[in-house]
Each structure stands twice: as C-alpha cells, then as structure tokens.
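Structure file upload.cif (mmCIF, C-alpha atoms) is printed below.
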```cif
data_work
loop_
_atom_site.label_atom_id
_atom_site.label_comp_id
_atom_site.auth_asym_id
_atom_site.auth_seq_id
_atom_site.Cartn_x
_atom_site.Cartn_y
_atom_site.Cartn_z
CA MET A 519 -25.70 -2.43 25.32
CA PHE A 520 -22.05 -1.68 24.77
CA ASN A 521 -21.25 1.86 23.80
CA ILE A 522 -17.75 3.19 23.13
CA TYR A 523 -19.06 6.46 24.54
CA PRO A 524 -20.65 5.15 27.76
CA ASP A 525 -21.72 8.54 29.08
CA LEU A 526 -23.36 9.64 25.87
CA GLU A 527 -26.33 8.63 23.78
CA PRO A 528 -25.54 6.99 20.41
CA ILE A 529 -23.94 9.50 18.06
CA PHE A 530 -26.44 8.94 15.23
CA PRO A 531 -30.16 8.12 15.20
CA LEU A 532 -31.11 4.56 14.28
CA TRP A 533 -32.20 5.37 10.73
CA LEU A 534 -28.84 6.97 10.02
CA GLN A 535 -26.95 4.05 11.58
CA ILE A 536 -28.77 1.65 9.28
CA SER A 537 -28.25 3.93 6.30
CA ILE A 538 -24.49 4.16 6.90
CA SER A 539 -24.19 0.38 7.21
CA ALA A 540 -26.27 -0.26 4.10
CA ALA A 541 -24.36 2.39 2.16
CA TRP A 542 -21.06 0.70 3.02
CA VAL A 543 -22.26 -2.69 1.75
CA LEU A 544 -23.66 -1.15 -1.43
CA LEU A 545 -20.40 0.74 -1.98
CA ILE A 546 -18.37 -2.48 -1.76
CA ILE A 547 -20.72 -4.24 -4.19
CA PHE A 548 -20.52 -1.26 -6.56
CA ILE A 549 -16.72 -1.28 -6.42
CA ALA A 550 -16.73 -5.02 -7.18
CA TRP A 551 -19.08 -4.40 -10.11
CA LEU A 552 -16.82 -1.65 -11.46
CA VAL A 553 -13.76 -3.89 -11.24
CA SER A 554 -15.68 -6.71 -12.91
CA ARG A 555 -17.06 -4.46 -15.65
CA PHE A 556 -14.01 -2.41 -16.55
CA THR A 557 -11.03 -4.66 -15.79
CA THR A 558 -9.93 -8.16 -16.68
CA SER A 559 -9.57 -9.25 -13.06
CA GLU A 560 -10.26 -12.89 -12.30
CA PRO A 561 -13.62 -13.78 -10.70
CA GLU A 562 -11.79 -14.75 -7.49
CA ILE A 563 -10.46 -11.19 -7.16
CA ILE A 564 -13.96 -9.78 -7.52
CA ARG A 565 -15.34 -12.20 -4.97
CA LYS A 566 -12.66 -11.36 -2.43
CA ILE A 567 -13.34 -7.64 -2.80
CA VAL A 568 -16.84 -8.33 -1.55
CA HIS A 569 -15.67 -10.91 0.99
CA ILE A 570 -13.15 -8.57 2.61
CA GLY A 571 -15.03 -5.32 2.16
CA THR A 572 -18.41 -6.35 3.53
CA GLY A 573 -16.79 -7.84 6.63
CA HIS A 574 -16.08 -4.32 7.87
CA VAL A 575 -19.78 -3.74 8.42
CA ILE A 576 -19.24 -5.37 11.83
CA VAL A 577 -16.82 -2.57 12.74
CA ILE A 578 -19.36 0.04 11.64
CA ALA A 579 -22.01 -1.67 13.78
CA TRP A 580 -19.62 -1.68 16.74
CA LEU A 581 -18.53 1.95 16.43
CA LEU A 582 -22.05 3.26 15.82
CA ASP A 583 -23.50 1.07 18.60
CA ILE A 584 -26.12 -0.37 16.27
CA PRO A 585 -28.76 -2.40 18.18
CA ALA A 586 -28.34 -6.17 18.08
CA VAL A 587 -31.78 -6.69 16.58
CA VAL A 588 -30.72 -4.70 13.51
CA GLY A 589 -27.57 -6.75 12.99
CA ILE A 590 -29.42 -10.03 13.45
CA ALA A 591 -32.20 -8.96 11.09
CA ALA A 592 -29.66 -7.89 8.46
CA SER A 593 -27.91 -11.25 8.81
CA ILE A 594 -31.18 -13.11 8.28
CA VAL A 595 -32.01 -11.06 5.20
CA ALA A 596 -28.52 -11.56 3.76
CA SER A 597 -28.73 -15.30 4.45
CA ILE A 598 -32.08 -15.56 2.64
CA ILE A 599 -30.77 -13.57 -0.32
CA THR A 600 -27.74 -15.86 -0.49
CA LEU A 601 -29.93 -18.96 -0.52
CA ILE A 602 -32.17 -17.49 -3.21
CA SER A 603 -29.11 -16.57 -5.30
CA TYR A 604 -28.31 -20.27 -5.63
CA ILE A 605 -31.50 -20.59 -7.68
CA LEU A 606 -32.13 -17.17 -9.21
CA PRO A 607 -29.57 -14.83 -10.88
CA ILE A 608 -29.63 -12.03 -8.32
CA LEU A 609 -27.49 -8.99 -9.21
CA PRO A 610 -26.37 -10.37 -12.60
CA GLY A 611 -23.82 -7.58 -13.03
CA ILE A 612 -21.68 -9.13 -10.32
CA ASN A 613 -22.48 -12.80 -10.77
CA SER A 614 -18.76 -13.50 -10.89
CA VAL A 615 -18.64 -12.58 -7.21
CA GLY A 616 -20.75 -15.48 -6.12
CA ARG A 617 -19.99 -19.17 -6.19
CA GLN A 618 -22.36 -22.10 -5.86
CA SER A 619 -21.12 -22.76 -2.36
CA LEU A 620 -22.49 -22.56 1.13
CA GLY A 621 -19.61 -20.29 2.07
CA THR A 622 -21.40 -16.99 1.52
CA PHE A 623 -24.46 -18.29 3.36
CA PHE A 624 -22.32 -19.31 6.35
CA TYR A 625 -20.61 -15.90 6.25
CA ALA A 626 -23.93 -14.10 6.61
CA VAL A 627 -25.06 -16.47 9.35
CA SER A 628 -21.84 -16.01 11.33
CA ILE A 629 -22.40 -12.26 11.53
CA GLY A 630 -25.86 -12.74 13.02
CA VAL A 631 -24.63 -15.36 15.49
CA LEU A 632 -21.73 -13.21 16.71
CA VAL A 633 -23.91 -10.12 17.03
CA ALA A 634 -26.44 -12.11 19.04
CA ILE A 635 -23.75 -13.45 21.38
CA PHE A 636 -21.45 -10.50 21.93
CA TRP A 637 -23.89 -7.61 21.79
CA ASP A 638 -25.76 -9.34 24.61
CA LEU A 639 -22.48 -9.65 26.54
CA GLN A 640 -21.71 -5.99 25.77
CA GLN A 641 -18.42 -7.09 24.19
CA PRO A 642 -18.85 -6.40 20.45
CA GLU A 643 -15.09 -6.22 19.92
CA TYR A 644 -14.99 -10.02 19.92
CA ALA A 645 -17.53 -10.15 17.12
CA ALA A 646 -15.22 -7.81 15.22
CA ILE A 647 -12.27 -10.12 15.88
CA GLY A 648 -14.19 -13.07 14.48
CA ILE A 649 -15.56 -11.42 11.36
CA LEU A 650 -12.38 -9.53 10.46
CA THR A 651 -10.39 -12.73 10.93
CA MET A 652 -12.66 -14.37 8.39
CA ALA A 653 -12.73 -11.40 6.05
CA TRP A 654 -9.00 -10.67 5.91
CA GLY A 655 -7.53 -14.01 6.91
CA ASP A 656 -9.50 -16.20 4.55
CA GLY A 657 -9.66 -13.52 1.86
CA LEU A 658 -5.93 -12.89 1.67
CA ALA A 659 -5.09 -16.58 2.18
CA ALA A 660 -7.03 -17.52 -0.94
CA LEU A 661 -5.38 -14.83 -3.05
CA ILE A 662 -1.85 -15.37 -1.76
CA GLY A 663 -2.20 -19.12 -1.79
CA LYS A 664 -3.37 -19.09 -5.39
CA ARG A 665 -0.64 -16.75 -6.60
CA PHE A 666 2.31 -17.71 -4.42
CA GLY A 667 1.33 -21.08 -2.96
CA LYS A 668 4.14 -23.37 -4.08
CA HIS A 669 4.06 -25.79 -1.15
CA LYS A 670 0.79 -27.70 -1.30
CA TYR A 671 -0.89 -30.09 1.08
CA GLN A 672 -4.31 -31.71 1.17
CA VAL A 673 -6.88 -32.03 3.95
CA PHE A 674 -10.25 -33.73 3.36
CA ASN A 675 -9.70 -33.56 -0.42
CA ALA A 676 -9.25 -29.79 -0.19
CA ASN A 677 -6.03 -28.40 -1.62
CA LYS A 678 -4.21 -25.99 0.67
CA SER A 679 -0.85 -24.27 0.62
CA TRP A 680 1.51 -23.50 3.47
CA GLU A 681 1.77 -19.94 2.17
CA GLY A 682 -1.99 -19.49 2.40
CA SER A 683 -2.22 -21.07 5.85
CA LEU A 684 0.62 -18.89 7.12
CA THR A 685 -1.29 -15.87 5.84
CA VAL A 686 -4.31 -16.84 7.93
CA THR A 687 -2.10 -17.18 11.01
CA LEU A 688 -0.34 -13.86 10.55
CA VAL A 689 -3.45 -11.86 9.67
CA THR A 690 -5.45 -13.33 12.55
CA PHE A 691 -2.66 -12.55 14.99
CA LEU A 692 -2.47 -8.93 13.85
CA ILE A 693 -6.24 -8.40 13.94
CA CYS A 694 -6.67 -10.01 17.35
CA ALA A 695 -3.70 -8.19 18.86
CA MET A 696 -4.76 -4.80 17.47
CA ILE A 697 -8.34 -5.01 18.76
CA LEU A 698 -7.37 -6.41 22.16
CA LEU A 699 -4.67 -3.78 22.61
CA ILE A 700 -7.28 -1.09 21.98
CA THR A 701 -9.91 -2.59 24.27
CA GLN A 702 -7.84 -4.36 26.95
CA GLY A 703 -4.63 -2.37 27.08
CA ASN A 704 -1.03 -3.36 26.46
CA VAL A 705 -0.49 -6.37 28.70
CA TRP A 706 1.76 -9.27 27.79
CA GLN A 707 -1.07 -11.83 27.90
CA ILE A 708 -2.66 -10.14 24.88
CA TRP A 709 0.19 -11.30 22.67
CA LEU A 710 -0.12 -14.88 23.88
CA ILE A 711 -3.88 -14.87 23.38
CA SER A 712 -3.45 -13.51 19.86
CA ILE A 713 -0.99 -16.29 19.01
CA LEU A 714 -3.34 -18.98 20.32
CA VAL A 715 -6.33 -17.53 18.46
CA ALA A 716 -4.28 -17.31 15.27
CA ILE A 717 -3.23 -20.95 15.49
CA PHE A 718 -6.80 -22.03 16.26
CA ALA A 719 -8.26 -20.03 13.37
CA THR A 720 -5.71 -21.53 10.98
CA ALA A 721 -6.58 -25.04 12.13
CA LEU A 722 -10.30 -24.39 11.61
CA GLU A 723 -9.66 -22.96 8.14
CA THR A 724 -7.48 -25.92 7.22
CA ILE A 725 -10.02 -28.62 8.07
CA SER A 726 -13.01 -26.84 6.54
CA VAL A 727 -15.24 -28.46 3.93
CA LEU A 728 -18.07 -26.99 1.83
CA GLY A 729 -17.25 -23.47 2.99
CA ILE A 730 -18.00 -24.27 6.64
CA ASP A 731 -14.90 -22.27 7.64
CA ASN A 732 -16.96 -19.13 7.01
CA LEU A 733 -18.92 -20.19 10.08
CA THR A 734 -16.38 -22.00 12.24
CA VAL A 735 -13.47 -19.55 11.86
CA PRO A 736 -15.24 -16.33 12.92
CA ILE A 737 -17.30 -17.94 15.69
CA GLY A 738 -14.44 -20.11 16.95
CA SER A 739 -11.93 -17.25 16.91
CA ALA A 740 -14.27 -14.85 18.68
CA ILE A 741 -15.29 -17.31 21.40
CA LEU A 742 -11.71 -18.41 22.04
CA ALA A 743 -10.46 -14.82 22.28
CA TYR A 744 -13.29 -13.91 24.65
CA SER A 745 -12.77 -17.00 26.81
CA LEU A 746 -9.02 -16.46 27.14
CA VAL A 747 -9.43 -12.80 28.05
CA GLN A 748 -12.02 -13.71 30.69
CA MET A 749 -9.59 -16.29 32.05
CA ILE A 750 -6.71 -13.85 32.49
CA ASN A 751 -9.06 -11.25 34.00
CA PHE A 752 -10.29 -13.85 36.47
CA LEU A 753 -6.75 -14.78 37.43
#
```
Take the structure in the file and write it out as structure tokens.
Amino acid sequence: MFNIYPDLEPIFPLWLQISISAAWVLLIIFIAWLVSRFTTSEPEIIRKIVHIGTGHVIVIAWLLDIPAVVGIAASIVASIITLISYILPILPGINSVGRQSLGTFFYAVSIGVLVAIFWDLQQPEYAAIGILTMAWGDGLAALIGKRFGKHKYQVFNANKSWEGSLTVTLVTFLICAMILLITQGNVWQIWLISILVAIFATALETISVLGIDNLTVPIGSAILAYSLVQMINFL
C-alpha cells in the first residue's frame, strides 16, 4: 500500500484514521446545517458546501494512508444512505442539501471505485485528482454558472453556460497540475497532461445526464491522468 512515509509505519492507528475521516465529514455536514439554519443562503449553496467539503475526505485518506477496505466500506455505506434518503427523510435539518437525483449516489460510488483502483496500484494521488476535480470543478461551476452564466448552451436538454464550463476546465487544470507537480516533479509534460485532463473532464461534465457526471468525471479524469503519466514515464 502507498505510504507518503515509505520507511515508517502509518502515523496514526486505524481507529484514529477512521475517526479523523468521520469527524471531517460530520464537520462539513454541521457547517452546512449551521448555514442552512442561521442564514438565508439558497439550497444550492448549502448543497455545494457538502459537495465540495466532503470531497476532501479522499485527501485525508491519502495522507493518513487509510486502508483501501475502509474507503470502499465507507463508500458502500454512504451509497446505501443516499439511496435510502430518496425514500426516507434522513437528517431533516439539512434536507435542503440533498436533491432527488442520482448525483449524490454516483458521488459516493465514485469514491469507492477510485479507492479500489488506485490504492491497489499504490497511486492514491490519482484518486485525489478525480474526486477533487468533481468536488471543486463541478461545485464551483454550478455556483458560478448560476450567478454569472450569461452565455448559455444546451446539451441533452441540460442547460449549461460557457462560464460554468470554463470554471470546470480551469479548476481541473489547477488541481491536476498541483498534485502531479507534488508527486511527479516539475517536468513540462505535467502541464500538457493537466490541460488534456481538464478538457476531458469538461467534456464529460457537459454531456452528463441524471447526475452521471458525478461518476464519469472523477473516474475519467483520474484514469486519464494516470494513463498519460504512465505513458510519459514509459517513453
């Protein structure tokens, strides 16, 4: 298993790793509840707080070297809770966060899939690229597109804006470049790879229906970034 400290045992015991991860998710949900309860923010703002905030659990899992089985199990539990929430009013204090959409279900599934793939390859940074691309790219695109999106276009009956799509491209580029610079070093190919991943992620987000982009964007971005890096290393 990948460890950012290869010569050392994991910094924290397993129970503490799980506790830290769970505490982070609960903190984000609590912050969303506070904003919902004590401000007049729109439901979309509340939802994006959770969408963006919970995505960082993948970084915590990476840095703490949490075992893959824990991440996969957490993904399964979150997926089940999401499905149940379509029927029962789970966490009524933050009901404004959720939408009757498969998007949140796909989001939880994508985390489990990426952990299963890239923890096994000992390359968890690519899982982080995928999830953070979804968290920040899609999250900010929705907010910016709604507020500043003046130039609209439509794909598969879904209304998009060029401002929102450009946000996905820019955010994905920055996330991919930052993580690859840290893990691969400052080589010129990293910038090209980041551009290609950003364009690909934007295309996947644009053609999404029924929230499927919460699955295709993180998995597609992560796999493309990994494949391109392997290609340049092979050359």
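When the PyMOL selection byres ((chain A and resi 632) around 9) is evaluated on the file shown here, the picked residues come out as Ile590, Val627, Ser628, Ile629, Gly630, Val631, Val633, Ala634, Ile635, Phe636, Trp637, Pro642, Tyr644, Ala645, Ala646, Gly648, Ile649, Pro736, Ile737, Ala740 and Ile741 of chain A.
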TODO: Give me the result of the PyMOL selection byres ((chain A and resi 593) around 12) on this file, residue by residue, as number ranges by chain.
DONE: A: 572-573, 575-576, 586-592, 594-600, 622-634
- [ ] Please provide the set of residues having any atom within 9 Å of A:Ile693, restricted to only C-alpha atoms, with same-chain residues fewer than 5 positions apart removed, written as a PyMOL selection string.
- [x] chain A and resi 647+650-651+654+688+698+712
- [ ] Counting only C-alpha atoms, find the residues whose atoms lie at most 10 Å from (-3.5, -25.9, 11.2) (file coordinates) and write them out as a ChimeraX atom specification.
- [x] /A:680,683-684,686-687,716-725
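Residue neighbourhood of stretch 541-546 of chain A, excluding near-sequence residues (fewer than 3 positions): Ser537, Ile538, Ile549, Ala550, Val568, Gly571 and Thr572 of chain A, at 7 Å, using all atoms listed in the file.
Every protein or nucleic acid residue with an atom no more than 6 Å from A:Ala659, counting only C-alpha atoms and leaving out same-chain residues fewer than 3 positions away, appears here: A:Gly655, A:Asp656, A:Ile662, A:Gly663, A:Gly682, A:Thr685, A:Val686.
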TODO: Could you check how far atom CA of A:Leu581 sits from atom CA of A:Ser539, in Å to one decimal?
DONE: 10.9 Å
